[in-house]
>>> print(open('structure-v1.cif').read())   # mmCIF, C-alpha atoms and all ligand atoms
data_my_file
loop_
_atom_site.label_atom_id
_atom_site.label_comp_id
_atom_site.auth_asym_id
_atom_site.auth_seq_id
_atom_site.Cartn_x
_atom_site.Cartn_y
_atom_site.Cartn_z
CA MET V 255 -22.57 25.17 -16.95
CA LYS V 256 -25.30 26.58 -14.74
CA ASP V 257 -27.51 29.63 -14.87
CA VAL V 258 -25.87 32.31 -12.78
CA MET V 259 -27.27 34.76 -10.24
CA ILE V 260 -25.27 37.87 -9.44
CA LEU V 261 -25.92 39.09 -5.91
CA THR V 262 -24.35 42.39 -4.90
CA GLY V 263 -24.44 43.19 -1.20
CA ALA V 264 -24.01 40.29 1.19
CA GLY V 265 -26.53 41.61 3.70
CA GLN V 266 -29.68 40.09 5.13
CA ILE V 267 -31.97 41.34 2.37
CA GLY V 268 -29.70 40.07 -0.41
CA MET V 269 -29.27 36.69 1.24
CA ALA V 270 -33.01 36.25 1.82
CA ILE V 271 -33.72 36.87 -1.88
CA ALA V 272 -30.84 34.65 -3.02
CA ARG V 273 -32.07 31.81 -0.82
CA ARG V 274 -35.60 32.19 -2.18
CA MET V 275 -34.68 32.35 -5.87
CA GLY V 276 -31.18 30.93 -6.30
CA TYR V 277 -31.41 27.22 -5.56
CA GLY V 278 -29.78 25.20 -8.35
CA MET V 279 -28.02 28.27 -9.75
CA LYS V 280 -24.42 29.39 -9.42
CA ILE V 281 -24.60 32.42 -7.12
CA ILE V 282 -21.79 34.96 -7.31
CA VAL V 283 -21.96 37.23 -4.30
CA GLY V 284 -20.02 40.47 -4.53
CA ASP V 285 -19.38 42.72 -1.55
CA LYS V 286 -16.89 45.43 -0.69
CA LYS V 287 -16.30 43.60 2.57
CA ILE V 288 -15.17 40.20 1.39
CA GLU V 289 -15.75 38.80 4.87
CA ASN V 290 -19.49 39.60 4.51
CA ALA V 291 -19.58 37.75 1.19
CA GLN V 292 -17.66 34.83 2.72
CA THR V 293 -20.02 34.66 5.70
CA ILE V 294 -23.08 34.43 3.48
CA ALA V 295 -21.37 31.99 1.11
CA LYS V 296 -20.63 29.70 4.06
CA ILE V 297 -24.18 29.86 5.45
CA MET V 298 -25.68 29.17 2.03
CA ASN V 299 -23.18 26.52 0.92
CA ASP V 300 -23.81 24.68 4.19
CA ALA V 301 -27.50 24.73 3.24
CA GLY V 302 -27.01 23.20 -0.22
CA PHE V 303 -26.57 26.31 -2.36
CA ASP V 304 -23.63 26.93 -4.70
CA VAL V 305 -22.17 30.31 -3.76
CA GLU V 306 -18.88 31.98 -4.66
CA PRO V 307 -17.80 35.10 -2.72
CA VAL V 308 -16.05 37.89 -4.65
CA GLU V 309 -14.66 41.20 -3.43
CA MET V 310 -16.22 44.05 -5.41
CA ASP V 311 -17.01 47.72 -5.13
CA LEU V 312 -20.38 48.86 -6.47
CA SER V 313 -19.03 52.39 -6.92
CA SER V 314 -16.48 51.23 -9.55
CA ARG V 315 -17.41 50.31 -13.12
CA GLU V 316 -14.22 48.29 -13.43
CA SER V 317 -15.06 46.30 -10.34
CA ILE V 318 -18.61 45.66 -11.62
CA ARG V 319 -17.21 44.45 -14.95
CA ASN V 320 -14.80 42.14 -13.14
CA LEU V 321 -17.69 40.67 -11.19
CA ILE V 322 -19.63 40.04 -14.41
CA THR V 323 -16.55 38.44 -16.01
CA GLU V 324 -16.20 36.16 -12.99
CA ALA V 325 -19.91 35.27 -13.14
CA LYS V 326 -19.77 34.44 -16.86
CA LYS V 327 -17.15 31.77 -16.20
CA TYR V 328 -19.91 29.61 -14.75
CA GLY V 329 -22.66 30.17 -17.32
CA GLU V 330 -25.18 32.75 -18.51
CA ILE V 331 -26.34 35.41 -16.09
CA SER V 332 -30.09 35.02 -15.69
CA MET V 333 -30.70 36.79 -12.37
CA LEU V 334 -29.48 39.96 -10.72
CA VAL V 335 -30.14 40.94 -7.12
CA ASN V 336 -28.68 44.28 -6.15
CA ALA V 337 -28.81 44.65 -2.38
CA ALA V 338 -25.54 46.52 -1.83
CA GLY V 339 -25.75 49.95 -0.34
CA VAL V 340 -24.78 52.37 2.37
CA SER V 341 -27.26 54.17 4.63
CA PRO V 342 -27.37 57.82 5.76
CA SER V 343 -25.75 56.95 9.12
CA GLN V 344 -22.98 54.88 7.58
CA ALA V 345 -21.39 57.15 4.99
CA PRO V 346 -20.85 60.78 3.90
CA ILE V 347 -22.85 62.40 1.09
CA GLU V 348 -20.26 61.69 -1.64
CA ALA V 349 -20.07 57.98 -0.78
CA ILE V 350 -23.86 57.60 -0.70
CA LEU V 351 -24.16 59.16 -4.15
CA LYS V 352 -21.22 57.17 -5.54
CA VAL V 353 -22.42 53.79 -4.23
CA ASP V 354 -26.22 53.96 -4.05
CA LEU V 355 -26.88 56.25 -7.03
CA TYR V 356 -23.99 55.94 -9.53
CA GLY V 357 -23.05 52.33 -8.68
CA THR V 358 -26.61 51.06 -9.04
CA ALA V 359 -26.95 52.86 -12.39
CA VAL V 360 -23.74 51.28 -13.70
CA LEU V 361 -24.65 47.81 -12.44
CA LEU V 362 -28.07 47.87 -14.12
CA GLU V 363 -26.46 49.10 -17.34
CA GLU V 364 -23.63 46.53 -17.37
CA VAL V 365 -25.80 43.54 -16.42
CA GLY V 366 -28.42 44.73 -18.91
CA LYS V 367 -25.85 44.23 -21.68
CA VAL V 368 -25.37 40.53 -20.87
CA ILE V 369 -28.55 39.33 -19.14
CA LYS V 370 -29.86 36.10 -20.58
CA GLU V 371 -33.07 36.18 -22.61
CA GLY V 372 -35.92 35.84 -20.13
CA GLY V 373 -33.66 36.94 -17.27
CA VAL V 374 -34.85 39.00 -14.30
CA GLY V 375 -33.40 41.46 -11.86
CA VAL V 376 -34.35 43.36 -8.73
CA THR V 377 -32.64 46.27 -7.09
CA ILE V 378 -33.37 47.56 -3.60
CA SER V 379 -34.19 51.23 -3.19
CA SER V 380 -36.00 52.51 -0.08
CA GLN V 381 -39.24 53.99 1.23
CA SER V 382 -37.03 56.95 2.08
CA GLY V 383 -37.18 58.08 -1.56
CA TRP V 384 -41.00 58.25 -1.30
CA ARG V 385 -40.93 60.92 1.39
CA MET V 386 -39.14 63.48 -0.68
CA PRO V 387 -41.45 65.87 -2.57
CA ALA V 388 -41.86 65.16 -6.28
CA LEU V 389 -39.07 66.38 -8.52
CA THR V 390 -39.86 68.17 -11.74
CA ALA V 391 -40.54 66.04 -14.84
CA GLU V 392 -37.26 67.32 -16.26
CA GLU V 393 -35.30 66.32 -13.13
CA ASP V 394 -36.91 62.86 -13.15
CA GLU V 395 -35.88 62.40 -16.77
CA LEU V 396 -32.32 63.52 -16.03
CA LEU V 397 -32.05 60.93 -13.26
CA ALA V 398 -33.57 58.26 -15.54
CA VAL V 399 -31.52 58.65 -18.70
CA THR V 400 -28.37 60.73 -18.11
CA PRO V 401 -25.38 58.54 -19.05
CA ALA V 402 -24.09 56.99 -15.82
CA GLU V 403 -20.68 58.67 -16.11
CA GLU V 404 -22.40 62.11 -16.20
CA LEU V 405 -24.85 61.48 -13.37
CA LEU V 406 -22.78 62.82 -10.50
CA LYS V 407 -22.17 66.06 -12.41
CA LEU V 408 -25.90 66.90 -12.56
CA PRO V 409 -26.61 70.28 -10.90
CA LEU V 410 -29.32 68.76 -8.67
CA LEU V 411 -26.73 66.42 -7.13
CA GLN V 412 -24.16 69.12 -6.31
CA PRO V 413 -23.29 69.91 -2.67
CA ASP V 414 -25.27 73.18 -2.68
CA HIS V 415 -28.43 71.18 -3.53
CA ILE V 416 -27.93 68.24 -1.15
CA ARG V 417 -28.76 69.20 2.44
CA ASP V 418 -27.41 66.19 4.34
CA THR V 419 -26.77 62.44 4.11
CA LEU V 420 -30.49 61.64 4.39
CA HIS V 421 -31.25 63.88 1.42
CA ALA V 422 -28.40 62.26 -0.56
CA TYR V 423 -29.85 58.83 0.26
CA GLN V 424 -33.34 59.91 -0.81
CA MET V 425 -32.02 61.30 -4.10
CA ALA V 426 -30.07 58.09 -4.71
CA LYS V 427 -33.11 55.94 -4.05
CA ARG V 428 -35.34 58.14 -6.23
CA CYS V 429 -32.76 57.81 -8.95
CA ASN V 430 -32.84 54.00 -8.56
CA GLU V 431 -36.57 54.03 -9.30
CA LYS V 432 -36.09 56.15 -12.41
CA ARG V 433 -33.12 54.12 -13.68
CA VAL V 434 -35.16 50.92 -13.32
CA MET V 435 -37.89 52.42 -15.53
CA ALA V 436 -35.38 53.46 -18.20
CA GLU V 437 -33.44 50.18 -17.99
CA ALA V 438 -36.66 48.13 -18.25
CA VAL V 439 -36.96 49.41 -21.81
CA LYS V 440 -33.45 48.17 -22.67
CA TRP V 441 -33.75 44.91 -20.74
CA GLY V 442 -37.05 44.31 -22.54
CA ARG V 443 -35.21 44.17 -25.86
CA ARG V 444 -33.48 41.06 -24.49
CA GLY V 445 -36.76 39.61 -23.19
CA ALA V 446 -35.58 40.41 -19.66
CA ARG V 447 -37.26 42.26 -16.79
CA ILE V 448 -35.93 44.55 -14.08
CA ASN V 449 -37.84 45.86 -11.04
CA ASP V 450 -37.21 47.71 -7.83
CA ILE V 451 -38.28 47.04 -4.24
CA ALA V 452 -38.54 49.97 -1.83
CA PRO V 453 -38.48 48.55 1.70
CA GLY V 454 -39.36 50.34 4.88
CA ILE V 455 -37.50 49.48 8.05
CA ILE V 456 -36.23 45.92 7.77
CA VAL V 457 -34.24 44.53 10.69
CA THR V 458 -30.69 44.11 9.35
CA PRO V 459 -27.27 45.37 10.50
CA LEU V 460 -27.84 48.47 8.34
CA ALA V 461 -31.12 49.23 10.13
CA VAL V 462 -29.61 48.48 13.54
CA ASP V 463 -26.93 51.09 12.71
CA GLU V 464 -29.79 53.52 12.05
CA PHE V 465 -31.55 52.63 15.34
CA ASN V 466 -28.29 53.43 17.16
CA GLY V 467 -27.41 56.43 14.99
CA PRO V 468 -28.33 60.11 15.31
CA ARG V 469 -31.84 59.46 13.92
CA GLY V 470 -32.48 56.41 16.17
CA ASP V 471 -35.58 57.80 17.91
CA PHE V 472 -37.02 58.87 14.58
CA TYR V 473 -36.68 55.34 13.19
CA LYS V 474 -38.06 53.63 16.30
CA ASN V 475 -41.08 55.94 16.24
CA MET V 476 -41.48 55.25 12.53
CA PHE V 477 -42.16 51.58 12.95
CA ALA V 478 -44.11 51.99 16.20
CA SER V 479 -46.49 54.47 14.50
CA CYS V 480 -46.95 52.80 11.13
CA PRO V 481 -50.08 50.73 10.43
CA ALA V 482 -48.16 47.44 10.84
CA GLY V 483 -46.70 48.67 14.16
CA ARG V 484 -43.41 46.83 13.65
CA PRO V 485 -40.36 46.68 11.43
CA GLY V 486 -40.28 44.16 8.59
CA THR V 487 -38.04 41.19 7.93
CA ALA V 488 -35.75 40.35 5.04
CA ASP V 489 -37.87 37.29 4.31
CA GLU V 490 -40.89 39.53 3.75
CA VAL V 491 -38.86 41.49 1.18
CA ALA V 492 -38.01 38.13 -0.42
CA ASN V 493 -41.77 37.46 -0.73
CA VAL V 494 -42.04 40.48 -3.03
CA ALA V 495 -38.86 39.52 -4.88
CA GLU V 496 -40.31 36.06 -5.48
CA LEU V 497 -43.36 37.58 -7.15
CA LEU V 498 -41.24 39.92 -9.27
CA MET V 499 -38.62 37.33 -10.25
CA SER V 500 -40.86 34.33 -10.89
CA ASN V 501 -43.18 33.77 -13.83
CA LYS V 502 -46.05 35.13 -11.74
CA GLY V 503 -44.45 38.53 -12.32
CA ALA V 504 -44.00 38.07 -16.06
CA PHE V 505 -46.04 41.23 -16.83
CA ILE V 506 -44.18 43.36 -14.25
CA THR V 507 -41.14 45.34 -15.32
CA GLY V 508 -39.85 48.85 -14.70
CA ALA V 509 -41.88 48.99 -11.47
CA THR V 510 -41.08 49.93 -7.89
CA PHE V 511 -42.87 48.08 -5.08
CA LEU V 512 -43.19 49.71 -1.68
CA ILE V 513 -43.08 47.30 1.29
CA ASP V 514 -43.04 49.41 4.42
CA GLY V 515 -45.85 48.31 6.76
CA GLY V 516 -47.71 51.45 5.71
CA ALA V 517 -45.10 53.89 7.04
CA THR V 518 -45.34 56.04 3.91
CA SER V 519 -49.14 56.15 4.19
CA SER V 520 -48.83 57.25 7.81
CA TYR V 521 -46.21 59.85 6.82
CA PHE V 522 -48.65 61.52 4.43
CA TYR V 523 -52.03 60.87 6.07
CA GLY V 524 -51.49 59.57 9.62
CA PRO V 525 -49.57 59.97 12.86
CA LEU V 526 -46.16 60.02 11.15
CA LYS V 527 -47.09 63.20 9.27
CA PRO V 528 -44.48 65.83 10.16
CA ALA V 529 -45.78 68.79 12.18
CA GLU V 530 -46.41 71.85 9.92
N1 LIG A 601 -32.51 47.50 6.24
C1 LIG A 601 -33.39 48.43 5.97
O1 LIG A 601 -34.17 48.85 6.82
C2 LIG A 601 -33.46 48.99 4.59
C3 LIG A 601 -34.55 49.82 4.31
C4 LIG A 601 -34.66 50.35 3.04
C5 LIG A 601 -33.70 50.07 2.11
N2 LIG A 601 -32.64 49.28 2.40
C6 LIG A 601 -31.65 49.03 1.36
O2 LIG A 601 -31.46 47.64 1.19
C7 LIG A 601 -30.14 47.40 0.70
C8 LIG A 601 -29.50 46.31 1.54
O3 LIG A 601 -29.49 46.73 2.87
P1 LIG A 601 -29.34 45.75 4.13
O4 LIG A 601 -30.24 46.28 5.16
O5 LIG A 601 -29.42 44.32 3.72
O6 LIG A 601 -27.88 46.16 4.54
P2 LIG A 601 -26.59 45.38 5.05
O7 LIG A 601 -25.73 46.40 5.69
O8 LIG A 601 -26.99 44.15 5.78
O9 LIG A 601 -25.96 44.94 3.65
C9 LIG A 601 -25.43 45.85 2.73
C10 LIG A 601 -24.16 45.25 2.17
O10 LIG A 601 -23.70 46.12 1.15
C11 LIG A 601 -22.27 46.11 1.23
N3 LIG A 601 -21.72 47.28 0.59
C12 LIG A 601 -21.66 48.56 1.05
N4 LIG A 601 -21.02 49.35 0.18
C13 LIG A 601 -20.66 48.56 -0.88
C14 LIG A 601 -19.98 48.80 -2.09
N5 LIG A 601 -19.50 50.01 -2.40
N6 LIG A 601 -19.77 47.76 -2.93
C15 LIG A 601 -20.21 46.53 -2.62
N7 LIG A 601 -20.86 46.24 -1.48
C16 LIG A 601 -21.10 47.25 -0.62
C17 LIG A 601 -21.98 46.08 2.71
O11 LIG A 601 -20.65 45.65 2.96
C18 LIG A 601 -23.05 45.11 3.21
O12 LIG A 601 -22.56 43.78 3.23
C19 LIG A 601 -29.43 48.76 0.72
O13 LIG A 601 -29.46 49.34 -0.57
C20 LIG A 601 -30.30 49.60 1.65
O14 LIG A 601 -30.24 50.97 1.33
C21 LIG A 601 -32.51 48.73 3.64
#
>>> encode(input="structure-v1.cif", output="structure tokens", more="lines below")
Ligand SMILES: NC(=O)c1ccc[n+]([C@@H]2O[C@H](COP(=O)([O-])OP(=O)(O)OC[C@H]3O[C@@H](n4cnc5c(N)ncnc54)[C@H](O)[C@@H]3O)[C@@H](O)[C@H]2O)c1
Amino acid sequence: MKDVMILTGAGQIGMAIARRMGYGMKIIVGDKKIENAQTIAKIMNDAGFDVEPVEMDLSSRESIRNLITEAKKYGEISMLVNAAGVSPSQAPIEAILKVDLYGTAVLLEEVGKVIKEGGVGVTISSQSGWRMPALTAEEDELLAVTPAEELLKLPLLQPDHIRDTLHAYQMAKRCNEKRVMAEAVKWGRRGARINDIAPGIIVTPLAVDEFNGPRGDFYKNMFASCPAGRPGTADEVANVAELLMSNKGAFITGATFLIDGGATSSYFYGPLKPAE
């Protein structure tokens, strides 16, 4: 038996973190598009990793449980990397909320029930959630602790409150941050830690879809006008994951780390600030 890593989302960010942290482990990679999971499994297995692709849907509790059952066949689950998601240009409002918001909440809850003592997890939110004005303390708490099955019924997530797909994505990512805080308390009872990484623009197929989507100019300007002056790479996100998932991060749990080349800083206090 080996220690097992569950990776959801066979994209560039997920693979970069799995490559950094998963050597010597059994890595179960779940993706709605099995061909994406197979592609990454092949690349990694050819490089000496031990990866098993599984078809799964983050928006389904049953599918998440099946993935966990599959993972447990190989050993105890000691790492979770959640890098599955859909972006504002890829999916309608309902799908964004179901996958990015509800699905992430369920995954953190279900893995939190079985994570090995001393285990660690990261989930990927987004800088996008940092641009939205603060919610009320009551709304934050609702996003943090409402039972997952009730989340999508919250008034603040109803169609009359969600303006467009970008707003849905921002709410989902804000919710991810709050869920991670609430789950860190539960994971802590098992001696386990869970954190969140909020990336800015990272060059991946998801970001390339955004560059070519209706907000393409907005995104290109965003990285050109941020302090770093460029988009980031998945390997740079893995640098943060390595800190959070290794013993160097032993005192870090329930936290969200922004890695965006300073785009959020520029949005509030620099050239990316929206015109009044
Ligand atoms: N790339 C960026 O610039 C960027 C910036 C901020 C946040 N993020 C976040 O990082 C995460 C990973 O993004 P990426 O850029 O690596 O994207 P990607 O498109 O390369 O990978 C995402 C993967 O998730 C899978 N997926 C989509 N819906 C799913 C579902 N319902 N169940 C299971 N798998 C599903 C896709 O098939 C895809 O393989 C996402 O949550 C995204 O919101 C990305």
>>> atom_distance(input="structure-v1.cif", atom1="atom N6 of ligand LIG 601 (chain A)", atom2="CA of Gln344 in chain V")
13.1 Å
>>> closest_atom_pairs(input="structure-v1.cif", of="chain V", to="ligand LIG 601 (chain A)", cutoff="7 Å", atoms="only C-alpha atoms and all ligand atoms", output="CSV")
residue,atom,partner,partner_atom,distance
V:Thr262,CA,A:LIG601,N7,6.2
V:Gly263,CA,A:LIG601,O10,3.8
V:Ala264,CA,A:LIG601,O12,4.3
V:Gly265,CA,A:LIG601,O8,3.3
V:Gln266,CA,A:LIG601,O5,4.5
V:Ile267,CA,A:LIG601,O5,4.1
V:Gly268,CA,A:LIG601,O5,5.9
V:Gly284,CA,A:LIG601,C15,6.4
V:Asp285,CA,A:LIG601,N7,3.8
V:Lys286,CA,A:LIG601,C15,4.0
V:Lys287,CA,A:LIG601,O11,4.8
V:Asn290,CA,A:LIG601,O12,5.3
V:Met310,CA,A:LIG601,C15,5.5
V:Asp311,CA,A:LIG601,N6,3.5
V:Leu312,CA,A:LIG601,N6,3.8
V:Ser313,CA,A:LIG601,N5,5.1
V:Ala337,CA,A:LIG601,C8,4.3
V:Ala338,CA,A:LIG601,O10,3.5
V:Gly339,CA,A:LIG601,O13,3.8
V:Val340,CA,A:LIG601,C12,5.1
V:Ser341,CA,A:LIG601,O14,5.5
V:Val353,CA,A:LIG601,N5,5.1
V:Asp354,CA,A:LIG601,O13,6.6
V:Ile378,CA,A:LIG601,O2,5.2
V:Ser379,CA,A:LIG601,C5,5.4
V:Ser380,CA,A:LIG601,C5,4.0
V:Gln381,CA,A:LIG601,C4,6.1
V:Ala452,CA,A:LIG601,C4,6.2
V:Pro453,CA,A:LIG601,C4,4.4
V:Gly454,CA,A:LIG601,C3,4.9
V:Ile455,CA,A:LIG601,O1,3.6
V:Ile456,CA,A:LIG601,O1,3.7
V:Val457,CA,A:LIG601,N1,5.6
V:Thr458,CA,A:LIG601,O4,4.7
V:Pro459,CA,A:LIG601,O8,4.9
V:Leu460,CA,A:LIG601,O7,4.0
V:Ala461,CA,A:LIG601,N1,4.5
>>> closest_residue(input="structure-v1.cif", among="V:Leu405, V:Ile297, V:Met333, V:Ala270", to="Thr358 in chain V", atoms="all atoms listed in the file")
V:Leu405
>>> closest_residue(input="structure-v1.cif", among="V:Lys407, V:Lys432, V:Lys370, V:Arg444", to="Asp394 in chain V", atoms="all atoms listed in the file")
V:Lys432
>>> closest_residue(input="structure-v1.cif", among="V:Val491, V:Asn501, V:Thr293, V:Pro481", to="Gly524 in chain V", atoms="all atoms listed in the file")
V:Pro481
>>> closest_residue(input="structure-v1.cif", among="V:Ile448, V:Met275, V:Ala345, V:Ile513", to="Gly467 in chain V", atoms="only C-alpha atoms")
V:Ala345
>>> closest_residue(input="structure-v1.cif", among="V:Ala478, V:Leu406, V:Val283, V:Ala295", to="Ala422 in chain V", atoms="all atoms listed in the file")
V:Leu406
>>> residues_around(input="structure-v1.cif", residues="Ile288 in chain V", least_positions_apart="4", cutoff="7 Å", atoms="only C-alpha atoms", output="list in words")
Gln292, Val308 and Glu309 of chain V
>>> closest_residue(input="structure-v1.cif", among="V:Leu334, V:Ala504, V:Ala488, V:Met386", to="Tyr521 in chain V", atoms="only C-alpha atoms")
V:Met386
>>> residues_near_point(input="structure-v1.cif", point="(-31.7, 38.8, -9.5)", cutoff="8 Å", atoms="all atoms listed in the file", output="PyMOL selection string")
chain V and resi 259-261+272+275+332-336+374-377+499
>>> axis_aligned_box(input="structure-v1.cif", around="range 418-437 of chain V", padding_each_side="6 Å", output="AutoDock Vina command-line options")
--center_x -32.3 --center_y 58.2 --center_z -6.9 --size_x 23.1 --size_y 28.0 --size_z 34.6
>>> atom_distance(input="structure-v1.cif", atom1="CA of Val439 in chain V", atom2="CA of Arg274 in chain V")
26.1 Å
